[in-house]
Structures are given as C-alpha cells and as structure tokens.
Amino acid sequence: MKGIKVLSVIVFLFCVLSGQAQVADRLQEYVLKEWNDFQMPKENAIGAILVKQKEIGKYIATQDRDAILAQLENGNQVIYRVATLYKEDKDTKIKKSILKKVLNNVDLKRREVVHCDRMDFLIENYYGLKAIMEGAPVDEAWGGMWFNTSVETIGNEYDYARYRQVFELNNPELTQAYMSCLRYVFRYNGYTKGLEELRPFFEKYMPEGDLKNEIEGLYKSYYHLREGAEAPAFTLKDFKGKEHSLADYKGKVLVIDVWATWCGGCIAKLPVYMSMSQKYTDRDDIEFITISIDDKGSFNSWKYALPRLKLLGITNLLASKEECTFQKDYNITGIPRYFLIDKEGKIVSVYAPTPGKAFEALINKTLNRK
Amino acid sequence: MKSIVYCLVLCLVGLGQFAKAQGKVTEQQKTEFAKGNQDPKFLKEYIEALKADGREDALNEAVDRYLMALPLNERYAGENLTYFLEYINGLNAKSFTDVIEHWGDIRLTGEQAEKVTEKINDVCKTTFFQSLFREREGIECPDVDCSSLAAALKKSAIPVPGVRRQFIEMWQSWKEKKVDDMICAFEQLFSYPIVTEANEKKEGAFQFDTMMDGVILGNMMNYILERCNFDQCSSMFKIIDQVIEKNGRDGFWSTIGKSRDNFEGKKMMMEMGEE
C-alpha cells in the first residue's frame, strides 16, 4: 500500500514537472514566432519594438508568471532588433536610458540564458549595445573578431572587453558555452595582448574541464609567439640556394607573407601584398619578404611561380617542413599568415591582418616607434 | 602389435615426406638451372616445382628461359601462352621483346592477341613506375633500359597503343638524356586520343592510368623542366599550352596545367636573366 503511495507521488511529480517544461518550451516557441512575424516599421522602429516586447511580455505573464526562459527570449529578440537598427544605419540615435532598459530585460547571470536562440549573437549584441551606451563608436562597439585570415580585422579592445565581462558574470554554463571561441582567437590571432590581459579572468572564472585544459594548453603553446617575444630564429634558402637568416634583417622592420603555391587564397592576396611593399620602396629600414611552406618536392612549382606571380623584386624563401622547423616554430596551421617583426627582432604580430589599411597602420606604427 | 603400429607410423611419416619432396625444388634442379640448362623438359619440371613452392619471384626468369628454348611455333601456343601471360613480368625478359619481334609469325586468336598487347602495356607501366619508386631519392635518369623493346616496337605491327609506344620512346630518351627526343615523344604522345577517367569512354582512346602513368610522365616532365634550354622550354610550354586548351584543367589535366605553369615560369626567368 505504502509502495503504491510513493509511486503515485513520483508519477504526479513527473507529470507536473514535465508539464512545466512543456509550457516553458511552448512559450519560448511562441516568443520566437511572434518576433519572426514582426515587421519593423521604418518610422519610430524602437518604439514599435518596445510596444511589441510589452505585448509579448504580458501574454507570457498570463500563461506562467515564472516563465524565465520565455522572458529572456523576449529580451533577446528585442536586443537583436535594436542591434540591427545600428548595423543597418550607423547614425541611429537611441537614448541611453532606452538602451539601458533594453539591456535590463536580459539577465546574463541566469543559467537559462544558454538556452536562448543564438546565444552567441545575444552576447555579442548585448555587449555591443552596452559599449554604445557607454560611448563607443558604432563601427567598433561589436569588436572585429573574425575567425578567418582573409579579412582585414582581427579584433579590437571591445572583443576582449566582452570576453572579460562574460567571465565576470560568473555564470559557469554561459562561460562554458561561449568561451569555446577563445580557441579560434588563438588560432587566428595568436597570443595577443588582449588574451594576455584576459588570462587572470580565464583562470579565475573558467569552469574546470576539457575546454579549460585545452585553452590552458593554447596559452602555453602560443606563449612564445606573443607580442614583444623574440621571434623564433630561422635560416632558409632562396631559389638560388642562398641562405637568409632572421638575424640578417636586424635593424629593419621585417614584413613576411607566409604562403604556398597550392593556396588559392594566398595567391589572390599576393598582388595586394606586393603593392603594399611598393609604398615603402624609399625606406631602407623595412624589408618585405615571402616564405612559402611548399613541400620539398614542390621546389620547382614554387621557384617557377615566383616570376609568374611577379614576386622576383623581393626575397622569397622556402620553408618546407621536411627541411626546417619554421612551420612548427611559428604554429603555422593555416595560411595566408602575415608577420611583422620589429627592428630588434621582436614579434609585433605573427597573426597580422591581411594586407590593407589595418596592416599598413600597424607597419607605420612599428616604423615610427622610438 | 605395438611394433606393427610403430612401423605403420614410420611408413606414413616417410610417405608424407616423399609426397612433400615431390613439390619442392630440389638442390639438383637449382644447380642445373644455375648452370644454364636449356632443356625444355627440365625447365618445365623446374617451373612446376617453383609454382608448387610459391616461388613467384623466380618464375619470370625460368619461364623466360623455357619459352626461348622452344621452337617459335610452340613458344606462344596453348599452355605456353598462359605461362607468358601469367609469369613474364619484366621488360628485360627475352620473350617480352621476342613476342613483339615475331608478332607477324605467331598465330594467335583475336582474344589472345588482345591479352598479349594488354600484358605489354601493363608490364611497361608497372616496370617504369616501380623503377621510379626504387630510385626516388636523387633520381636523375632511370636505370631501366628499354632500347631493345623500343627498337622491336618500331619494326613490329603489334597493336600496342601509340601512347604507350611514345611513353617507351620518351623513357628511353630520358635514359639517354636526350631532351629534344623526349620533347618530340611528348608531343607525339598527346597526338593520340586519351581518356583519364575509368568511366570515360571514347572510341579508340587510350585509357591513361592517372596514378602510374601520371607519376611516370610527371617525373619525365620534371627532368625536361630542369634540363631544358630556352628553346626547349618554349617548345614544352607551347605543347602543354595546346594540350590544356584542348582538355581544360580539370582532374588529371590540372597536373599537366601545373607543369605548363612551371615551363612558363622558367621561360620568364630565363628571359629576365635569373636562370
């Protein structure tokens, strides 16, 4: 008899809890559908967004006062749409008080936040709007972290500020889910100053586990490539067999394009790199070179690609993995890669931006450094 | 009773060893063969013993000697043709050149003739390919000489495909370090229709083995690239450029296209005085 009572209680609790979960799922779906159907008006868009938010919020409250996830989702959708206003028009003006209200709708400390639709977008938009509210330029507020070597931007202070603030939320579920992106920050940007400054936060707030171990490993394996570190020495041969060492360039700023004949993306960027080098022909304190990571067996392909790709005006070296440790020393896991080494042979960046304005600005800053 | 069982066991062991010895190459056979015994009866027994022993490695030489010891009218008839098709695996076998030289005098059915030409095609391809892998490090010129084969093919009406004939010509010119002749054979090679995909079908076209033939051709082209003077380089560039224009740059032709780029690059370097 007693057993039947216990069983009845278990069945009852199961029904209640699973019913609650179903209601929560259904409410989140409702919120998503409502926002998907929402047509943003051209005039007073922010007003319309806030009205819609209120409407949906009221409906949720009538269904379930404790529907945390649905309320978070509602806030998430508002943030997304307000962020879109800025992305579509950089001159969008929204009062700080309204932005604050928009952001207050989402409490990122809640563990349920990881279940929001496109949680990574939520984080980026939340901190993008927060940065604008605090006075950041719209162009920079969202950061510039692209996990791709063929784009010009490689992140800015707002990216690292976002990472730091996510750590400081002290929300283990969110940290675990969002911070896996640090793997790509290492892979595409190397050991940046931003990552160095982030390290104490990472150590304090990152939950124990495989991801923490992996990122700790990256901190260790990329440490020797940090800004200001001595660039790993190399001695490589040009197509005539003449040796060139890193030490030969001491006293000059050294710019390196790491490529290979099989890399279409690298070849597409070579003309831009070469035309960038042309801007510095009147200076004798800077040298542009290329280093190919082609295999030893592709020597001829590399050698005879040089005139075709109009590279013969500069020094071109081959760093086959069979013949040297260059690729290992510089953690070459993808190309193109661009290096900037200062006059003392120290790393400015071995994950420099692709040739263009950002790279030139970095070169000029390095050249003008006292 | 015990002694009867003991005797029986001994007899069985002895019989077993006798039976086993029947399939083995004897020391006497080995000595006779080493001495150069040309007797077809002896050679046939020796071949059977080698087969029983699974000595595939030694069969090429034994079968070759056996076939060459027979009169021409028996050499490629019946079981002997099977021997040729199954066990002759080297370009240096006398019977390999012999079958080409005497093609007009040998009576074969259409199917048999096809098998023989297929065999010649395969052996050439495999021998060249293996030779390159043997000499992979620091290869300059190949060690396999096919001058007799090339000479025999020139005089023979055997239907070995034109592409294979040009391959052999080009290989031999490589062996003799004759870059001009290599270029000539290379140009001729592409005058024949070629298909490069296994499922591609074209009447009378040569089925190019992109793995083996591709490696062989790549090595020969690389030799020309490294040794050619300006005129030779220009010729190669022109030939390959036309081949690419005709076939595009997909699949196997992309490798040929890369070679075109290399010759173009070398030509440019020579014009700039960099090489």
# chains A, B, ... in the order shown; residues from 1 in each chain; ligands from 1
>>> closest_atom_pairs(of="chain A", to="chain B", cutoff="9 Å", atoms="only C-alpha atoms", output="CSV")
residue,atom,partner,partner_atom,distance
A:Lys240,CA,B:Glu275,CA,8.9
A:Asn300,CA,B:Asn262,CA,7.0
A:Ser301,CA,B:Asn262,CA,5.9
A:Trp302,CA,B:Asn262,CA,8.6
A:Lys303,CA,B:Gly265,CA,8.0
A:Tyr304,CA,B:Gly265,CA,4.3
A:Ala305,CA,B:Gly265,CA,5.9
A:Leu306,CA,B:Gly265,CA,7.3
A:Pro307,CA,B:Gly265,CA,5.8
A:Arg308,CA,B:Gly265,CA,5.6
A:Leu309,CA,B:Gly265,CA,9.0
>>> write_last_selection(atoms="N, CA and C atoms", output="PDB file, in the first residue's frame")
ATOM      1  N   LYS A 240      67.863  30.328 -55.418  1.00  0.00           N
ATOM      2  CA  LYS A 240      69.224  30.100 -55.918  1.00  0.00           C
ATOM      3  C   LYS A 240      70.061  29.319 -54.908  1.00  0.00           C
ATOM      4  N   ASN A 300      60.247  23.098 -57.655  1.00  0.00           N
ATOM      5  CA  ASN A 300      60.122  23.711 -58.982  1.00  0.00           C
ATOM      6  C   ASN A 300      58.832  24.514 -59.121  1.00  0.00           C
ATOM      7  N   SER A 301      57.756  23.958 -58.594  1.00  0.00           N
ATOM      8  CA  SER A 301      56.473  24.680 -58.678  1.00  0.00           C
ATOM      9  C   SER A 301      56.584  26.032 -57.985  1.00  0.00           C
ATOM     10  N   TRP A 302      57.269  26.022 -56.831  1.00  0.00           N
ATOM     11  CA  TRP A 302      57.443  27.272 -56.086  1.00  0.00           C
ATOM     12  C   TRP A 302      58.367  28.228 -56.844  1.00  0.00           C
ATOM     13  N   LYS A 303      59.509  27.681 -57.250  1.00  0.00           N
ATOM     14  CA  LYS A 303      60.514  28.517 -57.915  1.00  0.00           C
ATOM     15  C   LYS A 303      59.934  29.200 -59.157  1.00  0.00           C
ATOM     16  N   TYR A 304      59.240  28.413 -59.983  1.00  0.00           N
ATOM     17  CA  TYR A 304      58.762  28.986 -61.242  1.00  0.00           C
ATOM     18  C   TYR A 304      57.440  29.740 -61.087  1.00  0.00           C
ATOM     19  N   ALA A 305      56.886  29.680 -59.881  1.00  0.00           N
ATOM     20  CA  ALA A 305      55.699  30.517 -59.630  1.00  0.00           C
ATOM     21  C   ALA A 305      56.150  31.955 -59.361  1.00  0.00           C
ATOM     22  N   LEU A 306      57.387  32.117 -58.898  1.00  0.00           N
ATOM     23  CA  LEU A 306      57.851  33.452 -58.491  1.00  0.00           C
ATOM     24  C   LEU A 306      57.779  34.481 -59.629  1.00  0.00           C
ATOM     25  N   PRO A 307      58.292  34.165 -60.836  1.00  0.00           N
ATOM     26  CA  PRO A 307      58.163  35.183 -61.899  1.00  0.00           C
ATOM     27  C   PRO A 307      56.715  35.370 -62.341  1.00  0.00           C
ATOM     28  N   ARG A 308      55.966  34.263 -62.382  1.00  0.00           N
ATOM     29  CA  ARG A 308      54.572  34.375 -62.831  1.00  0.00           C
ATOM     30  C   ARG A 308      53.747  35.247 -61.890  1.00  0.00           C
ATOM     31  N   LEU A 309      54.061  35.152 -60.595  1.00  0.00           N
ATOM     32  CA  LEU A 309      53.298  35.924 -59.610  1.00  0.00           C
ATOM     33  C   LEU A 309      53.951  37.282 -59.318  1.00  0.00           C
TER      34      LEU A 309
END
>>> select_by_dssp(residues="range 42-272 of chain A", states="strand (DSSP E)", output="PyMOL selection string")
chain A and resi 235-237+243-245+253-259
>>> closest_residue(among="B:Glu271, B:Lys30, B:Met212, B:Cys233", to="Phe133 in chain B", atoms="only C-alpha atoms")
B:Met212
>>> closest_residue(among="A:Val350, A:Val102, A:Ile291, A:Val272", to="Tyr330 in chain A", atoms="only C-alpha atoms")
A:Val350
>>> residues_around(residues="Gly241 in chain A", least_positions_apart="4", cutoff="12 Å", atoms="only C-alpha atoms", output="PyMOL selection string")
chain A and resi 235-237+299+303+315-318
